[in-house]
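Everything below belongs to structure-v6.txt, which stores compact mmCIF, C-alpha atoms.
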```
# COMPACT_ATOMS: atom_id res chain seq x y z
CA MET T 1 17.10 -25.26 11.50
CA THR T 2 15.86 -28.60 12.73
CA SER T 3 14.39 -31.30 10.53
CA ASP T 4 11.36 -31.64 12.83
CA PRO T 5 8.36 -30.68 10.63
CA GLN T 6 6.43 -29.26 13.61
CA VAL T 7 9.27 -26.92 14.57
CA ASN T 8 9.72 -25.84 10.94
CA SER T 9 5.97 -25.28 10.63
CA ASN T 10 5.92 -23.12 13.77
CA HIS T 11 8.91 -21.13 12.55
CA THR T 12 7.28 -20.62 9.16
CA GLN T 13 4.03 -19.54 10.81
CA ARG T 14 5.86 -16.98 12.97
CA ILE T 15 7.57 -15.56 9.89
CA HIS T 16 4.26 -15.38 8.06
CA ASP T 17 2.55 -13.73 11.05
CA ALA T 18 5.30 -11.10 11.22
CA TYR T 19 4.92 -10.44 7.48
CA VAL T 20 1.15 -10.04 7.83
CA GLU T 21 1.56 -7.61 10.73
CA TYR T 22 4.17 -5.49 8.93
CA ASN T 23 2.05 -5.51 5.77
CA ARG T 24 -1.02 -4.37 7.69
CA THR T 25 0.94 -1.65 9.49
CA LEU T 26 2.58 -0.32 6.32
CA ARG T 27 -0.68 -0.23 4.38
CA ALA T 28 -2.45 1.54 7.27
CA TRP T 29 0.40 4.07 7.43
CA PHE T 30 0.35 4.64 3.66
CA VAL T 31 -3.42 5.13 3.51
CA GLY T 32 -3.46 7.20 6.70
CA PHE T 33 -0.68 9.50 5.52
CA GLY T 34 -2.18 9.81 2.05
CA VAL T 35 -5.52 10.88 3.51
CA ALA T 36 -4.34 12.88 6.53
CA ALA T 37 -1.86 15.09 4.67
CA PRO T 38 -4.43 16.43 2.15
CA VAL T 39 -6.98 16.87 4.98
CA LEU T 40 -4.41 18.87 6.94
CA ILE T 41 -3.74 21.01 3.87
CA ALA T 42 -7.46 21.53 3.24
CA THR T 43 -8.29 22.47 6.82
CA GLN T 44 -5.48 24.98 7.39
CA ASP T 45 -6.46 28.17 5.57
CA LYS T 46 -2.96 29.60 5.06
CA LEU T 47 -1.58 26.26 3.96
CA PHE T 48 -4.48 25.69 1.59
CA GLU T 49 -4.08 29.15 0.06
CA ALA T 50 -0.35 28.62 -0.48
CA VAL T 51 -0.88 25.23 -2.13
CA ALA T 52 -3.91 26.35 -4.17
CA GLN T 53 -2.06 29.37 -5.56
CA SER T 54 1.12 27.48 -6.38
CA THR T 55 1.92 25.79 -9.64
CA PHE T 56 2.42 22.55 -7.67
CA GLY T 57 -1.01 22.36 -6.04
CA ARG T 58 -2.55 19.97 -8.53
CA SER T 59 0.54 17.75 -8.61
CA ILE T 60 0.59 17.52 -4.82
CA ALA T 61 -3.06 16.43 -4.74
CA ILE T 62 -2.61 13.93 -7.58
CA CYS T 63 0.45 12.33 -5.95
CA PHE T 64 -1.36 11.87 -2.63
CA PHE T 65 -4.49 10.54 -4.33
CA ALA T 66 -2.53 8.16 -6.57
CA GLY T 67 -0.62 6.73 -3.58
CA VAL T 68 -3.84 6.02 -1.68
CA LEU T 69 -5.46 4.59 -4.81
CA LEU T 70 -2.51 2.23 -5.36
CA GLN T 71 -2.74 0.91 -1.80
CA ILE T 72 -6.52 0.49 -1.85
CA THR T 73 -6.42 -1.24 -5.25
CA ASN T 74 -3.73 -3.62 -4.01
CA ALA T 75 -5.74 -4.33 -0.83
CA ILE T 76 -8.88 -5.07 -2.86
CA ALA T 77 -6.98 -7.38 -5.21
CA ASN T 78 -5.49 -9.19 -2.19
CA LYS T 79 -8.93 -9.54 -0.65
CA TRP T 80 -10.45 -11.03 -3.80
CA MET T 81 -7.57 -13.38 -4.49
CA ASN T 82 -7.50 -14.61 -0.92
CA TRP T 83 -11.25 -15.18 -0.96
CA TYR T 84 -10.89 -17.38 -4.06
CA ARG T 85 -8.03 -19.29 -2.44
CA TYR T 86 -10.11 -19.73 0.72
CA GLU T 87 -13.07 -21.08 -1.24
CA VAL T 88 -10.82 -23.53 -3.10
CA SER T 89 -9.29 -24.68 0.20
CA ARG T 90 -12.81 -25.49 1.41
CA GLY T 91 -13.37 -27.65 -1.67
CA LYS T 92 -15.81 -25.25 -3.30
CA PRO T 93 -15.79 -24.86 -7.06
CA VAL T 94 -14.54 -21.46 -8.12
CA HIS T 95 -16.02 -19.73 -11.14
CA PRO T 96 -14.68 -18.54 -13.43
CA ALA T 97 -12.16 -21.37 -13.53
CA PHE T 98 -9.19 -19.14 -14.37
CA MET T 99 -9.45 -17.54 -10.92
CA LYS T 100 -7.76 -20.46 -9.17
CA PRO T 101 -4.48 -20.25 -11.13
CA LEU T 102 -4.71 -16.45 -11.17
CA SER T 103 -5.10 -16.26 -7.39
CA ASN T 104 -2.16 -18.66 -6.92
CA TRP T 105 -0.05 -16.59 -9.30
CA TYR T 106 -1.03 -13.35 -7.55
CA ARG T 107 -0.13 -14.82 -4.16
CA ASP T 108 3.40 -15.50 -5.42
CA ALA T 109 3.76 -12.30 -7.44
CA TYR T 110 5.60 -10.39 -4.74
CA PHE T 111 6.83 -7.87 -7.29
CA ILE T 112 3.29 -6.46 -7.57
CA HIS T 113 3.14 -5.67 -3.86
CA LEU T 114 6.69 -4.37 -3.81
CA ALA T 115 6.07 -2.16 -6.84
CA ALA T 116 2.89 -0.73 -5.28
CA ASP T 117 4.71 0.06 -2.03
CA VAL T 118 7.72 1.60 -3.78
CA ALA T 119 5.48 3.63 -6.11
CA THR T 120 3.44 4.86 -3.14
CA GLY T 121 6.62 5.89 -1.33
CA VAL T 122 7.86 7.74 -4.42
CA LEU T 123 4.51 9.50 -4.92
CA TYR T 124 4.41 10.62 -1.29
CA THR T 125 8.03 11.77 -1.41
CA VAL T 126 7.31 13.84 -4.53
CA SER T 127 4.22 15.37 -2.93
CA VAL T 128 6.10 16.27 0.27
CA VAL T 129 9.03 17.77 -1.67
CA LEU T 130 6.62 19.84 -3.76
CA LEU T 131 4.79 20.91 -0.62
CA LEU T 132 8.08 22.01 0.94
CA LEU T 133 8.90 23.99 -2.21
CA VAL T 134 5.54 25.74 -1.86
CA LEU T 135 6.03 26.47 1.83
CA PHE T 136 9.66 27.56 1.54
CA PRO T 137 10.00 28.99 -1.99
CA ASP T 138 12.89 31.35 -1.22
CA ALA T 139 15.04 29.00 0.83
CA PRO T 140 18.50 28.93 -0.76
CA PRO T 141 20.23 25.59 -1.25
CA GLY T 142 21.85 24.49 1.97
CA ALA T 143 19.68 26.78 4.11
CA GLY T 144 19.34 25.61 7.65
CA LYS T 145 22.88 24.21 7.90
```

This entry written out as structure tokens:
Amino acid sequence: MTSDPQVNSNHTQRIHDAYVEYNRTLRAWFVGFGVAAPVLIATQDKLFEAVAQSTFGRSIAICFFAGVLLQITNAIANKWMNWYRYEVSRGKPVHPAFMKPLSNWYRDAYFIHLAADVATGVLYTVSVVLLLLVLFPDAPPGAGK
């Protein structure tokens, strides 16, 4: 990479823009999938009956709901923290005072975002596996090979 600050700044901005776009896409996919799958189950009578009568029905619903809740909670926290950072960047006093260091810490706490995304993926995987067990209860191991 060059030592020209303008070139480095442009490169950094492009990387950040790509991150923002992938983040937005992933969150939209997570929330969309977590809402659409239960709606599909609820609107298809045979599917709903199978899930409702199974021992996994409640677990499937909880896993989908928890995944969506994780993503929405993370989005709300990001929104609040970025608002505080924006206000500080405009020279406005932020109250309570602990919000400035908290918002800076949250911005750098990538593990929170990673953990939320991994947990959402695990919850959705569990719900889909349980749903498949409901839909194909008698399938022997290795069926379909």

Worksheet item: Which distance in Å separates CA of Phe30 (chain T) and CA of Ser127 (chain T), to one decimal?
Response: 13.2 Å

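Nearest to Leu69 (chain T) of all the residues T:Asn8, T:Val35, T:Arg107, T:Ile15 is T:Val35, based on only C-alpha atoms.
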
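Going from CA of Ala116 (chain T) to CA of Phe56 (chain T) covers 23.4 Å.
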
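Among the candidates T:Gly57, T:Gly32, T:Pro93, T:Gly67, the residue lying nearest to Val118 (chain T) is T:Gly67 (atoms considered: all atoms listed in the file).
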
Fill in: For CA of Phe65 (chain T) and CA of Leu102 (chain T), the interatomic separation in Å (one decimal)
27.8 Å

Discussion item. Set the distance at 9 Å and use only C-alpha atoms: which residues neighbour Tyr124 (chain T) once local chain neighbours fewer than 3 positions away are removed? I'd like the list as number ranges by chain.
Written reply: T: 30, 33-34, 60, 63-64, 67, 119-121, 127-129

Discussion item. Nearest residue to Ala42 (chain T) out of T:Leu130, T:Ala61, T:Trp83, T:Arg24, using all atoms listed in the file?
Written reply: T:Ala61

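Take the candidates T:Ala115, T:Val122, T:Val134, T:Ala37 and check each one against Ala50 (chain T) using only C-alpha atoms; the shortest distance goes to T:Val134.
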
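Comparing T:Ala52, T:Leu26, T:Ala36, T:Met99 by their smallest distance to Met81 (chain T), the closest is T:Met99 (using all atoms listed in the file).
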